[in-house]
$ cat protein.txt   # compact mmCIF, C-alpha atoms
# COMPACT_ATOMS: atom_id res chain seq x y z
CA MET G 14 70.94 166.15 129.54
CA SER G 15 72.41 163.22 127.61
CA GLU G 16 72.25 159.77 129.04
CA PRO G 17 75.27 157.44 129.04
CA ASP G 18 75.14 154.44 126.75
CA ASP G 19 76.16 152.04 129.52
CA PRO G 20 72.87 150.73 131.04
CA ARG G 21 74.61 150.27 134.41
CA TRP G 22 74.06 153.94 135.10
CA LEU G 23 70.45 153.02 135.84
CA ASP G 24 71.61 150.65 138.60
CA ASP G 25 73.90 153.33 140.00
CA VAL G 26 71.10 155.89 140.08
CA ALA G 27 68.63 153.41 141.54
CA GLY G 28 71.12 152.45 144.25
CA GLU G 29 71.70 156.08 145.06
CA LEU G 30 67.96 156.75 145.25
CA ARG G 31 67.40 153.77 147.54
CA ARG G 32 70.03 155.00 149.98
CA GLU G 33 68.46 156.27 153.22
CA VAL G 34 68.56 160.05 153.39
CA PRO G 35 68.67 161.63 156.87
CA VAL G 36 66.01 164.32 157.07
CA ARG G 37 65.51 166.70 159.97
CA PRO G 38 62.09 166.43 161.66
CA ALA G 39 61.24 170.04 160.77
CA TRP G 40 62.07 169.43 157.10
CA ARG G 41 60.08 166.23 157.16
CA ALA G 42 57.07 168.05 158.58
CA ARG G 43 57.34 170.73 155.90
CA LEU G 44 57.74 168.07 153.25
CA LEU G 45 54.64 166.23 154.41
CA GLU G 46 52.69 169.50 154.57
CA GLU G 47 53.73 170.26 151.01
CA VAL G 48 52.70 166.79 149.90
CA ALA G 49 49.35 167.19 151.67
CA ARG G 50 48.78 170.57 150.04
CA THR G 51 49.45 169.25 146.56
CA PRO G 52 46.08 168.65 144.86
CA THR G 53 45.47 165.07 143.83
CA PRO G 54 45.07 164.75 140.08
CA SER G 55 42.23 162.72 138.70
CA VAL G 56 43.49 159.47 137.22
CA ARG G 57 40.82 159.55 134.56
CA ASP G 58 41.88 163.04 133.46
CA ASP G 59 45.47 161.90 133.28
CA VAL G 60 44.59 159.01 131.05
CA ASP G 61 42.40 161.15 128.88
CA ASP G 62 45.11 163.79 128.56
CA THR G 63 47.62 161.24 127.48
CA PHE G 64 45.38 160.10 124.71
CA ASP G 65 44.63 163.75 123.87
CA ASP G 66 48.36 164.38 123.51
CA ARG G 67 48.67 161.46 121.15
CA ASP G 68 45.84 162.76 119.07
CA GLU G 69 47.51 166.17 119.08
CA ARG G 70 44.18 167.80 119.88
CA PRO G 71 44.31 171.09 121.72
CA LEU G 72 43.62 170.82 125.43
CA ASP G 73 41.81 173.41 127.45
CA ALA G 74 43.74 175.11 130.24
CA GLY G 75 41.80 173.42 133.01
CA ARG G 76 42.61 169.94 131.81
CA ARG G 77 46.21 170.73 130.94
CA ARG G 78 46.70 171.68 134.57
CA TRP G 79 46.59 167.97 135.42
CA SER G 80 48.69 166.63 132.60
CA ILE G 81 51.79 164.72 133.62
CA THR G 82 54.76 164.31 131.35
CA VAL G 83 57.00 161.55 132.57
CA GLY G 84 60.51 161.40 131.22
CA PRO G 85 63.13 158.69 131.84
CA LEU G 86 64.12 160.10 135.22
CA GLY G 87 60.47 160.51 136.19
CA SER G 88 59.82 156.89 135.34
CA LEU G 89 62.83 155.88 137.36
CA ALA G 90 61.65 157.96 140.30
CA ALA G 91 58.18 156.45 140.11
CA ALA G 92 59.64 152.95 139.94
CA THR G 93 61.90 153.70 142.89
CA MET G 94 58.95 155.00 144.86
CA LEU G 95 56.96 151.86 144.14
CA VAL G 96 59.91 149.69 145.15
CA ALA G 97 60.33 151.68 148.36
CA LEU G 98 56.63 151.47 149.15
CA GLY G 99 56.56 147.77 148.38
CA ALA G 100 59.62 147.11 150.52
CA GLY G 101 58.13 149.19 153.33
CA ALA G 102 54.82 147.35 153.17
CA MET G 103 56.60 143.99 153.09
CA TYR G 104 58.76 145.00 156.07
CA VAL G 105 55.70 146.05 158.09
CA ALA G 106 53.80 142.90 157.16
CA MET G 107 56.76 140.65 158.01
CA SER G 108 57.30 142.50 161.29
CA ARG G 109 53.68 141.97 162.28
CA LEU G 110 53.76 138.33 161.29
CA GLY G 111 56.99 137.80 163.18
CA ALA G 112 55.73 139.67 166.23
CA ASN G 113 52.50 137.68 166.29
CA ALA G 114 54.37 134.42 166.04
CA ARG G 115 56.80 135.36 168.80
CA GLU G 116 53.96 136.74 170.89
CA GLY G 117 52.19 133.41 170.82
CA ALA G 118 55.39 131.57 171.61
CA SER G 119 56.30 133.73 174.56
CA ARG G 120 52.92 133.95 176.22
CA THR G 121 53.62 131.01 178.48
CA ALA G 122 57.01 132.34 179.50
CA ALA G 123 55.69 135.79 180.21
CA THR G 124 52.69 134.57 182.16
CA ALA G 125 54.70 132.09 184.14
CA ALA G 126 57.19 134.69 185.28
CA SER G 127 56.77 136.38 188.64
CA PRO G 128 54.17 139.14 188.39
CA GLY G 129 56.02 142.35 187.76
CA LEU G 130 58.97 140.71 186.06
CA VAL G 131 58.91 139.62 182.47
CA SER G 132 61.74 137.90 180.68
CA GLY G 133 60.06 136.10 177.84
CA ALA G 134 61.41 135.42 174.40
CA PRO G 135 62.71 138.52 172.68
CA ALA G 136 60.19 140.01 170.27
CA SER G 137 62.87 141.98 168.49
CA ALA G 138 66.48 142.91 169.06
CA GLU G 139 65.43 144.92 172.11
CA ARG G 140 61.81 144.35 173.05
CA GLU G 141 60.06 141.74 175.10
CA VAL G 142 56.49 140.58 174.79
CA VAL G 143 54.51 141.35 177.92
CA ARG G 144 51.03 139.97 178.47
CA PHE G 145 48.74 142.04 180.66
CA GLU G 146 45.69 140.39 182.19
CA LEU G 147 42.82 141.64 184.30
CA SER G 148 39.83 139.77 185.60
CA ALA G 149 36.88 142.13 185.23
CA PRO G 150 33.92 139.99 184.18
CA ARG G 151 31.36 142.78 184.46
CA ALA G 152 33.39 145.39 182.57
CA SER G 153 32.36 146.46 179.13
CA HIS G 154 35.64 148.15 178.18
CA VAL G 155 39.16 147.82 179.55
CA ALA G 156 42.24 149.70 178.36
CA LEU G 157 45.85 149.91 179.40
CA VAL G 158 47.61 153.22 180.06
CA GLY G 159 51.18 153.78 181.08
CA SER G 160 54.57 155.24 180.45
CA PHE G 161 54.90 153.06 177.35
CA ASN G 162 51.86 154.49 175.51
CA GLU G 163 51.95 158.12 176.67
CA TRP G 164 49.04 157.42 179.04
CA ASN G 165 46.72 157.33 176.09
CA PRO G 166 43.56 155.36 176.96
CA ALA G 167 42.72 154.89 173.29
CA ALA G 168 46.09 153.35 172.43
CA THR G 169 45.89 149.92 174.06
CA PRO G 170 42.45 148.41 174.53
CA LEU G 171 42.24 144.93 176.04
CA SER G 172 40.11 142.20 174.57
CA ARG G 173 38.07 139.72 176.53
CA ASP G 174 39.19 136.12 176.28
CA PRO G 175 35.93 134.29 175.58
CA ALA G 176 37.17 131.12 177.25
CA SER G 177 38.25 132.60 180.58
CA GLY G 178 36.42 135.92 180.64
CA ILE G 179 39.73 137.62 181.39
CA TRP G 180 40.76 140.81 179.62
CA VAL G 181 44.13 140.46 177.93
CA VAL G 182 46.55 142.35 175.76
CA SER G 183 50.14 141.63 174.75
CA LEU G 184 52.64 144.38 174.09
CA ARG G 185 56.23 144.56 173.01
CA LEU G 186 58.09 146.64 175.60
CA LEU G 187 61.65 147.75 175.93
CA PRO G 188 63.61 146.40 178.90
CA GLY G 189 63.24 148.54 181.99
CA ARG G 190 60.74 149.71 184.56
CA HIS G 191 57.31 150.70 183.27
CA VAL G 192 54.51 152.31 185.27
CA TYR G 193 50.95 151.52 184.22
CA ALA G 194 47.31 151.16 185.21
CA PHE G 195 44.10 149.75 183.79
CA VAL G 196 41.11 151.85 182.80
CA VAL G 197 37.97 149.84 183.53
CA ASP G 198 34.85 151.50 182.17
CA GLY G 199 36.48 154.87 182.76
CA ASP G 200 37.84 154.13 186.24
CA VAL G 201 41.61 153.95 186.72
CA THR G 202 42.76 150.95 188.74
CA ALA G 203 46.08 149.34 189.56
CA ASP G 204 46.96 145.80 188.49
CA PRO G 205 46.13 143.65 191.53
CA SER G 206 48.80 141.09 190.64
CA ALA G 207 51.73 143.47 190.12
CA PRO G 208 53.95 145.54 192.39
CA ARG G 209 52.54 148.93 193.27
CA ALA G 210 54.19 152.21 192.44
CA ALA G 211 54.15 154.67 195.30
CA ASP G 212 53.24 157.63 193.15
CA GLU G 213 49.68 158.56 193.94
CA ASP G 214 50.00 162.12 192.75
CA PHE G 215 46.65 162.10 191.00
CA GLY G 216 44.42 159.86 193.07
CA SER G 217 44.69 156.13 192.54
CA PRO G 218 47.90 154.10 192.58
CA ASN G 219 49.73 152.70 189.57
CA SER G 220 51.52 149.41 189.04
CA VAL G 221 55.03 148.55 187.94
CA VAL G 222 56.27 145.99 185.47
CA PHE G 223 59.97 145.38 185.09
CA VAL G 224 61.07 143.96 181.76
CA SER G 225 64.45 142.35 182.05
CA SER G 226 66.86 142.41 179.17
CA PRO G 227 67.44 139.03 177.55
CA ARG G 228 71.16 139.77 177.79
CA THR G 229 71.13 140.06 181.59
CA MET K 284 57.03 166.39 138.57
CA SER K 285 59.73 163.83 139.11
CA VAL K 286 60.94 165.97 142.00
CA ARG K 287 57.52 165.70 143.63
CA LEU K 288 57.44 161.97 143.12
CA LEU K 289 60.87 161.72 144.68
CA ALA K 290 59.71 163.88 147.59
CA LEU K 291 56.73 161.60 148.11
CA ALA K 292 58.94 158.52 148.03
CA MET K 293 61.32 160.09 150.55
CA ALA K 294 58.46 161.11 152.81
CA CYS K 295 57.09 157.55 152.82
CA ALA K 296 60.50 156.03 153.52
CA VAL K 297 61.23 158.48 156.33
CA SER K 298 57.86 157.99 158.04
CA VAL K 299 58.33 154.21 158.19
CA ALA K 300 61.80 154.56 159.68
CA THR K 301 60.83 157.06 162.36
CA ALA K 302 57.70 155.15 163.36
CA GLY K 303 59.92 152.20 164.15
CA ALA K 304 62.49 154.22 166.03
CA GLN K 305 60.19 156.37 168.16
CA GLU K 306 60.15 155.36 171.84
CA ILE K 307 59.40 158.16 174.27
CA ASP K 308 57.57 161.31 173.31
CA ARG K 309 59.67 164.04 174.89
CA THR K 310 57.21 166.82 174.22
CA LEU K 311 54.70 168.39 176.54
CA PRO K 312 50.99 167.93 175.81
CA SER K 313 49.42 170.83 173.93
CA LYS K 314 46.41 170.61 176.27
CA LEU K 315 48.47 172.38 178.92
CA SER K 316 48.50 176.17 178.98
CA ALA K 317 51.56 178.00 177.68
CA PRO K 318 52.67 179.24 181.14
CA THR K 319 52.41 175.73 182.59
CA ARG K 320 54.34 174.29 179.67
CA ALA K 321 57.03 176.91 180.16
CA THR K 322 57.28 176.09 183.87
CA LEU K 323 57.49 172.36 183.16
CA GLU K 324 60.08 172.87 180.44
CA ARG K 325 62.27 174.81 182.89
CA LEU K 326 61.90 172.06 185.50
CA ILE K 327 62.70 169.29 183.05
CA ASP K 328 65.61 171.20 181.56
CA SER K 329 67.11 171.72 185.01
CA ALA K 330 66.72 168.00 185.71
CA ARG K 331 68.42 167.20 182.42
CA VAL K 332 71.29 169.55 183.18
CA ALA K 333 71.66 167.87 186.58
CA GLY K 334 72.04 164.53 184.81
CA LEU K 335 68.75 163.10 186.07
CA PRO K 336 66.55 160.88 183.92
CA VAL K 337 63.81 162.99 182.35
CA ASP K 338 61.58 160.30 180.87
CA PRO K 339 59.80 159.74 184.22
CA LEU K 340 59.08 163.47 184.30
CA TYR K 341 57.48 163.48 180.85
CA SER K 342 55.51 160.41 181.85
CA LYS K 343 54.31 162.12 185.01
CA VAL K 344 53.08 165.10 183.00
CA ARG K 345 51.20 162.85 180.60
CA GLU K 346 49.71 160.88 183.47
CA GLY K 347 48.46 164.12 185.01
CA VAL K 348 46.88 165.21 181.74
CA PHE K 349 45.30 161.78 181.28
CA ARG K 350 43.83 161.97 184.79
CA ALA K 351 42.55 165.50 184.11
CA ALA K 352 44.52 166.90 187.06
CA GLU K 353 44.64 170.63 187.68
CA GLU K 354 47.75 172.17 186.13
CA PRO K 355 49.27 173.33 189.45
CA ARG K 356 48.94 169.76 190.66
CA VAL K 357 50.81 168.49 187.62
CA VAL K 358 53.59 171.00 188.22
CA ALA K 359 53.76 170.04 191.91
CA ALA K 360 53.99 166.34 191.02
CA VAL K 361 56.84 167.01 188.59
CA GLN K 362 58.64 169.17 191.16
CA ARG K 363 58.34 166.46 193.78
CA LEU K 364 59.49 163.74 191.40
CA THR K 365 62.47 165.85 190.34
CA ARG K 366 63.46 166.24 193.97
CA ASP K 367 63.04 162.52 194.63
CA LEU K 368 65.09 161.64 191.56
CA GLY K 369 67.89 163.88 192.80
CA ASP K 370 67.78 162.38 196.30
CA ALA K 371 67.75 158.86 194.88
CA ARG K 372 70.74 159.58 192.68
CA SER K 373 72.64 160.99 195.66
CA ALA K 374 71.80 157.94 197.75
CA LEU K 375 72.57 155.37 195.05
CA GLY K 376 75.69 157.06 193.74
CA ASP K 377 76.65 158.67 190.49
CA SER K 378 77.02 155.31 188.80
CA ALA K 379 73.32 154.53 189.22
CA GLY K 380 71.40 153.99 185.99
CA ALA K 381 68.25 155.81 184.96
CA GLU K 382 66.00 152.86 185.89
CA GLU K 383 67.62 152.55 189.31
CA ILE K 384 67.22 156.25 189.97
CA ALA K 385 63.54 156.18 188.96
CA ALA K 386 62.88 153.12 191.13
CA GLY K 387 64.84 154.71 193.96
CA ALA K 388 62.76 157.87 193.73
CA ASN K 389 59.66 155.73 193.97
CA ALA K 390 61.02 153.96 197.05
CA LEU K 391 61.73 157.30 198.72
CA ARG K 392 58.19 158.37 197.92
CA ALA K 393 56.95 155.20 199.63
CA GLY K 394 58.65 156.27 202.85
CA LEU K 395 62.11 154.73 202.59
CA HIS K 396 65.03 156.77 203.82
CA PRO K 397 67.94 157.68 201.52
CA ALA K 398 70.20 155.77 203.90
CA ASP K 399 68.20 152.61 203.13
CA LEU K 400 69.03 153.04 199.45
CA SER K 401 72.69 153.64 200.20
CA ARG K 402 72.83 150.46 202.29
CA LEU K 403 71.33 148.49 199.41
CA ARG K 404 74.01 149.87 197.12
CA GLU K 405 76.73 148.87 199.56
CA SER K 406 75.28 145.36 199.83
CA ARG K 407 75.09 144.88 196.08
CA GLY K 408 78.29 146.77 195.31
CA LEU K 409 78.98 148.51 192.03
CA ARG K 410 77.62 145.88 189.69
CA PRO K 411 76.44 147.40 186.42
CA ASP K 412 75.29 143.92 185.42
CA ARG K 413 73.13 143.61 188.55
CA PRO K 414 71.18 146.84 188.96
CA LEU K 415 69.09 147.41 192.06
CA THR K 416 65.94 148.31 190.16
CA VAL K 417 63.90 145.25 191.11
CA ALA K 418 65.00 145.40 194.76
CA LEU K 419 63.85 149.02 194.87
CA VAL K 420 60.54 148.16 193.18
CA VAL K 421 59.96 145.46 195.81
CA LEU K 422 60.84 147.85 198.62
CA ALA K 423 58.40 150.49 197.39
CA ASP K 424 55.66 147.90 196.96
CA LEU K 425 56.06 146.51 200.49
CA ALA K 426 56.00 149.98 201.98
CA THR K 427 52.81 150.88 200.14
CA ARG K 428 51.18 147.71 201.48
CA GLY K 429 51.68 148.75 205.09
CA VAL K 430 55.01 147.14 205.90
CA PRO K 431 57.05 149.56 208.02
CA PRO K 432 59.72 150.95 205.67
CA ALA K 433 62.64 150.24 208.01
CA MET K 434 61.51 146.65 208.39
CA ALA K 435 61.08 146.21 204.64
CA ALA K 436 64.49 147.76 204.02
CA ALA K 437 66.20 145.40 206.46
CA SER K 438 64.66 142.31 204.84
CA VAL K 439 65.32 143.34 201.25
CA ASN K 440 68.85 144.36 202.18
CA GLU K 441 69.46 140.92 203.64
CA LEU K 442 68.19 139.31 200.44
CA VAL K 443 70.34 141.55 198.26
CA ALA K 444 73.38 140.79 200.39
CA GLY K 445 72.49 137.08 200.00
CA ASN K 446 72.70 137.56 196.23
CA VAL K 447 69.15 136.42 195.49
CA SER K 448 67.96 136.86 191.92
CA ASP K 449 65.47 139.46 190.72
CA GLY K 450 62.91 136.72 190.11
CA SER K 451 63.31 135.48 193.69
CA LEU K 452 62.91 139.02 194.99
CA LEU K 453 59.61 139.34 193.18
CA SER K 454 58.47 135.93 194.43
CA PHE K 455 59.36 137.13 197.93
CA ARG K 456 57.17 140.21 197.41
CA GLN K 457 54.31 138.10 196.15
CA ASN K 458 54.54 135.73 199.12
CA VAL K 459 54.65 138.55 201.65
CA GLU K 460 51.65 140.15 199.99
CA ARG K 461 49.76 136.86 200.20
CA ASP K 462 50.63 136.56 203.89
CA LEU K 463 49.48 140.10 204.59
CA VAL K 464 46.19 139.53 202.79
CA GLY K 465 45.82 136.35 204.85
CA GLY K 466 46.07 138.38 208.04
CA ARG K 467 49.68 137.75 209.02
CA SER K 468 51.54 140.62 210.65
CA PRO K 469 54.17 142.40 208.52
CA ALA K 470 56.96 141.48 210.97
CA SER K 471 56.03 137.82 210.99
CA ALA K 472 55.53 137.62 207.23
CA LEU K 473 58.83 139.37 206.45
CA ASP K 474 60.82 137.28 208.91
CA ALA K 475 59.44 133.95 207.73
CA ARG K 476 59.72 134.76 204.02
CA THR K 477 63.21 136.22 204.33
CA ARG K 478 64.47 133.14 206.21
CA ALA K 479 62.88 130.82 203.67
CA MET K 480 64.41 132.71 200.77
CA ILE K 481 67.89 132.82 202.28
CA ASP K 482 67.73 129.11 203.08
CA ALA K 483 66.65 128.34 199.53
CA GLU K 484 69.57 130.35 198.15
CA ARG K 485 72.01 128.50 200.39
CA ARG K 486 70.70 125.14 199.24
CA ARG K 487 71.03 126.14 195.61
CA PRO K 488 74.08 124.41 194.01
$ encode --input "protein.txt" --output "structure tokens"
Amino acid sequence: MSEPDDPRWLDDVAGELRREVPVRPAWRARLLEEVARTPTPSVRDDVDDTFDDRDERPLDAGRRRWSITVGPLGSLAAATMLVALGAGAMYVAMSRLGANAREGASRTAATAASPGLVSGAPASAEREVVRFELSAPRASHVALVGSFNEWNPAATPLSRDPASGIWVVSLRLLPGRHVYAFVVDGDVTADPSAPRAADEDFGSPNSVVFVSSPRT
Amino acid sequence: MSVRLLALAMACAVSVATAGAQEIDRTLPSKLSAPTRATLERLIDSARVAGLPVDPLYSKVREGVFRAAEEPRVVAAVQRLTRDLGDARSALGDSAGAEEIAAGANALRAGLHPADLSRLRESRGLRPDRPLTVALVVLADLATRGVPPAMAAASVNELVAGNVSDGSLLSFRQNVERDLVGGRSPASALDARTRAMIDAERRRP
């Protein structure tokens, strides 16, 4: 394949590669499986092989298996991947920084609102920061479970505020009605300061928090 | 090899995007047996076809698994919730949103009558910008705290008709709860707090 003389073709290709490609979940799963199955080459072997190629010494079959020949398109693909990874990492880092900053700013608003209703500063275009608190001075572990974290007790542990001895956690939740409960040293308990949900299908009651949309 | 590098880059980009977009896991836990999953899938599919919100049903399943409930109990809870969601939608009208329907189902579970929900809808009117979700949450809460449902419905309906805000409704709930804990009777607490709230709304400029 011949390459055009105009260097702008590189920009065109890079732009095309950066464009988001819709991928079906099933394809994505297969893709990730394939990536996981691909053996990881040793970096040291790669470097050695490169030098071996330069020296034009014969390579044994086992080492040649890991040799990588990178042409212009391969270099471009690698560069694009690094750019994508860097942009992704920067996006995640900026999101976390932004969320933390907004979380701190909205704590007062969220705590001051009526229990059960939160309308603090928006943490993103859609979500609101909600601060959950529980006074359990003798507890050694407190977690939050609910419709927003698939009732997974490992997903949202609370941390004890050393100053007050109160267990706290702040989450970014979508506007709407959320059902939740605390898990205190393995026991499920409702939030004593929030409205109760009348849904005791499995023993103890749950609580309700309603996150209002900043637009309403 | 460049194809593999490209595949890796695409996989990374896609995983970041989907992690940000994922909200509700609409799958059934693999801990459940295949027959139970099939039963639940049929139930949830029928709810979806009926136009009912299905996220509360998935949440109920996950809550049951988290609480290590027996599988027949999980199925029974989902069946009951599906029925309540349908009754709430009928009582609140076809224009009711998913959050209203879920809160309405919860109020019915607390002992409210479908006619109570319909009266609330009539008082509020068809206001997409003012859903009844918080009013229904307050109703369910009062009923679970021992307030007779009919009494709770009358008070909350009066507040809704008086156009009180969602925040005021929740303050009302909090004050009634405080009164009940203090030993006041439900009738006395509701009457005093409802009057105070209506008066405050009237004084508001």
$ atom_distance --input "protein.txt" --atom1 "CA of Arg467 in chain K" --atom2 "CA of Asn219 in chain G"
24.5 Å
$ atom_distance --input "protein.txt" --atom1 "CA of Ala359 in chain K" --atom2 "CA of Leu326 in chain K"
10.6 Å
$ atom_distance --input "protein.txt" --atom1 "CA of Ala388 in chain K" --atom2 "CA of Pro318 in chain K"
26.8 Å
$ residues_around --input "protein.txt" --residues "Gln362 in chain K" --least-positions-apart "4" --cutoff "10 Å" --atoms "only C-alpha atoms" --output "PDB file with C-alpha atoms, keeping the file's coordinate frame"
ATOM      1  CA  LEU K 323      57.490 172.360 183.160  1.00  0.00           C
ATOM      2  CA  LEU K 326      61.900 172.060 185.500  1.00  0.00           C
ATOM      3  CA  ILE K 327      62.700 169.290 183.050  1.00  0.00           C
ATOM      4  CA  ALA K 330      66.720 168.000 185.710  1.00  0.00           C
ATOM      5  CA  LEU K 340      59.080 163.470 184.300  1.00  0.00           C
ATOM      6  CA  ARG K 356      48.940 169.760 190.660  1.00  0.00           C
ATOM      7  CA  VAL K 357      50.810 168.490 187.620  1.00  0.00           C
ATOM      8  CA  VAL K 358      53.590 171.000 188.220  1.00  0.00           C
ATOM      9  CA  ARG K 366      63.460 166.240 193.970  1.00  0.00           C
ATOM     10  CA  ASP K 367      63.040 162.520 194.630  1.00  0.00           C
ATOM     11  CA  LEU K 368      65.090 161.640 191.560  1.00  0.00           C
TER      12      LEU K 368
END
$ closest_residue --input "protein.txt" --among "G:Leu184, G:Val224, G:Ala194, G:Leu147" --to "Arg350 in chain K" --atoms "only C-alpha atoms"
G:Ala194
$ closest_residue --input "protein.txt" --among "G:Glu146, G:Asp214, G:Asp174, G:Asp204" --to "chain K" --atoms "only C-alpha atoms"
G:Asp214
$ axis_aligned_box --input "protein.txt" --around "range 473-476 of chain K" --padding-each-side "4 Å" --output "lines of an AutoDock Vina configuration file"
center_x = 59.8
center_y = 136.7
center_z = 206.5
size_x = 10.0
size_y = 13.4
size_z = 12.9
$ closest_residue --input "protein.txt" --among "K:Ala418, K:Leu403, K:Ala433, K:Ala398" --to "chain G" --atoms "only C-alpha atoms"
K:Ala418
$ residues_around --input "protein.txt" --residues "range 372-387 of chain K" --least-positions-apart "4" --cutoff "9 Å" --atoms "all atoms listed in the file" --output "ChimeraX atom specification"
/G:189-190,210 /K:335-337,339,364,367-368,391-392,397-405,409,411,414-420,423
